[in-house]
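Shown here: input.cif, mmCIF, C-alpha atoms.
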data_my_file
loop_
_atom_site.group_PDB
_atom_site.id
_atom_site.type_symbol
_atom_site.label_atom_id
_atom_site.label_comp_id
_atom_site.auth_asym_id
_atom_site.auth_seq_id
_atom_site.Cartn_x
_atom_site.Cartn_y
_atom_site.Cartn_z
ATOM 1 C CA MET L 1 51.044 72.891 37.676
ATOM 2 C CA SER L 2 51.366 74.787 40.887
ATOM 3 C CA ALA L 3 53.439 73.730 43.855
ATOM 4 C CA ARG L 4 50.220 72.922 45.729
ATOM 5 C CA PHE L 5 49.684 69.785 43.629
ATOM 6 C CA TYR L 6 53.221 68.579 44.350
ATOM 7 C CA TRP L 7 52.712 69.073 48.081
ATOM 8 C CA ILE L 8 49.384 67.242 48.008
ATOM 9 C CA SER L 9 50.975 64.354 46.086
ATOM 10 C CA PHE L 10 53.871 64.249 48.554
ATOM 11 C CA LEU L 11 51.513 64.168 51.534
ATOM 12 C CA ILE L 12 49.403 61.386 49.988
ATOM 13 C CA VAL L 13 52.458 59.231 49.260
ATOM 14 C CA MET L 14 54.022 59.793 52.692
ATOM 15 C CA GLY L 15 50.725 59.266 54.499
ATOM 16 C CA LEU L 16 50.088 55.973 52.715
ATOM 17 C CA THR L 17 53.677 54.867 53.282
ATOM 18 C CA ILE L 18 53.543 55.582 57.005
ATOM 19 C CA LEU L 19 50.131 53.923 57.324
ATOM 20 C CA ILE L 20 51.247 50.763 55.503
ATOM 21 C CA SER L 21 54.503 50.669 57.481
ATOM 22 C CA TRP L 22 52.567 50.951 60.731
ATOM 23 C CA VAL L 23 50.116 48.190 59.747
ATOM 24 C CA LYS L 24 52.908 45.866 58.594
ATOM 25 C CA GLN L 25 55.030 46.909 61.612
ATOM 26 C CA THR L 26 58.207 47.441 59.635
ATOM 27 C CA ARG L 27 61.308 48.106 61.642
ATOM 28 C CA THR L 28 64.181 48.722 59.224
ATOM 29 C CA ARG L 29 64.901 51.588 56.890
ATOM 30 C CA LYS L 30 65.153 49.147 53.956
ATOM 31 C CA GLU L 31 61.592 47.860 54.496
ATOM 32 C CA PHE L 32 60.300 51.438 54.755
ATOM 33 C CA SER L 33 62.121 52.389 51.539
ATOM 34 C CA ILE L 34 60.645 49.430 49.668
ATOM 35 C CA ILE L 35 57.136 50.395 50.789
ATOM 36 C CA LEU L 36 57.817 54.031 49.793
ATOM 37 C CA LEU L 37 58.951 52.902 46.337
ATOM 38 C CA LYS L 38 55.879 50.705 45.839
ATOM 39 C CA VAL L 39 53.490 53.454 46.954
ATOM 40 C CA THR L 40 55.220 56.000 44.699
ATOM 41 C CA LEU L 41 55.112 53.681 41.682
ATOM 42 C CA GLY L 42 51.471 52.887 42.363
ATOM 43 C CA PHE L 43 50.603 56.569 42.626
ATOM 44 C CA VAL L 44 52.456 57.420 39.414
ATOM 45 C CA GLY L 45 50.831 54.462 37.653
ATOM 46 C CA THR L 46 47.380 55.585 38.740
ATOM 47 C CA VAL L 47 47.974 59.149 37.545
ATOM 48 C CA LEU L 48 49.319 57.915 34.199
ATOM 49 C CA ALA L 49 46.356 55.556 33.771
ATOM 50 C CA LEU L 50 43.898 58.406 34.404
ATOM 51 C CA TRP L 51 45.781 60.645 31.997
ATOM 52 C CA GLY L 52 45.748 57.910 29.345
ATOM 53 C CA LEU L 53 42.040 57.292 29.863
ATOM 54 C CA SER L 54 41.284 60.999 29.474
ATOM 55 C CA ASN L 55 43.295 61.118 26.237
ATOM 56 C CA LEU L 56 41.459 58.059 24.951
ATOM 57 C CA LEU L 57 38.088 59.629 25.718
ATOM 58 C CA VAL L 58 39.157 62.801 23.899
ATOM 59 C CA ALA L 59 40.381 60.775 20.882
ATOM 60 C CA LEU L 60 37.074 58.914 20.729
ATOM 61 C CA GLY L 61 35.149 62.185 20.884
ATOM 62 C CA ILE L 62 33.390 61.324 24.125
ATOM 63 C CA SER L 63 34.792 64.242 26.094
ATOM 64 C CA LYS L 64 36.407 67.616 25.497
ATOM 65 C CA SER L 65 40.118 68.249 25.697
ATOM 66 C CA GLY L 66 41.447 69.289 29.109
ATOM 67 C CA PHE L 67 38.669 67.943 31.300
ATOM 68 C CA ILE L 68 41.174 66.287 33.679
ATOM 69 C CA LEU L 69 44.490 68.112 33.257
#

Can the structure from this file be put into structure tokens for me?
Amino acid sequence: MSARFYWISFLIVMGLTILISWVKQTRTRKEFSIILLKVTLGFVGTVLALWGLSNLLVALGISKSGFIL
């Protein structure tokens, strides 16, 4: 994977974190860190779920290998 994908992922996570922090009007660094952790875990979980779904579709013969990653 190229560095571009890491930068895009970083910008998505930080953008969502800042947006949620602004909506919830968090004030402390601890609250911001908790939101950052939740957004990061959600993003990683979503990516892993998509990767697992693509592997399942390949195993079932519905799709070809490498159609997502």

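Candidate residues L:Ser63, L:Ser9, L:Thr17, L:Ser54 were compared for distance to Val39 (chain L), and the nearest is L:Thr17, using all atoms listed in the file.
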
Shell around region 40-51 of chain L at 9 Å using all atoms listed in the file, local window under 4 positions removed, as a PyMOL selection string: chain L and resi 9+12-14+17+35-36+55-56+68-69

Hey, can you spit out that residue selection with C-alpha atoms as a CSV table (one decimal), keeping the file's coordinate frame?
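Below is the file that was written, out-v2.csv:
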chain,number,residue,atom,x,y,z
L,9,SER,CA,51.0,64.4,46.1
L,12,ILE,CA,49.4,61.4,50.0
L,13,VAL,CA,52.5,59.2,49.3
L,14,MET,CA,54.0,59.8,52.7
L,17,THR,CA,53.7,54.9,53.3
L,35,ILE,CA,57.1,50.4,50.8
L,36,LEU,CA,57.8,54.0,49.8
L,55,ASN,CA,43.3,61.1,26.2
L,56,LEU,CA,41.5,58.1,25.0
L,68,ILE,CA,41.2,66.3,33.7
L,69,LEU,CA,44.5,68.1,33.3

What are the centre and the three edge lengths of an axis-aligned box that wraps all atoms of region 58-66 of chain L in the file, given that 5 Å is added to every side, written as AutoDock Vina command-line options and rounded to one decimal in Å?
--center_x 37.4 --center_y 64.1 --center_z 24.9 --size_x 18.1 --size_y 20.4 --size_z 18.4

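Rounded to one decimal, CA of Leu16 (chain L) and CA of Lys38 (chain L) lie 10.4 Å from each other.
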
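Note that the spacing between CA of Val23 (chain L) and CA of Arg4 (chain L) amounts to 28.4 Å.
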
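For the pair CA of Phe10 (chain L) and CA of Glu31 (chain L), the interatomic distance is 19.1 Å.
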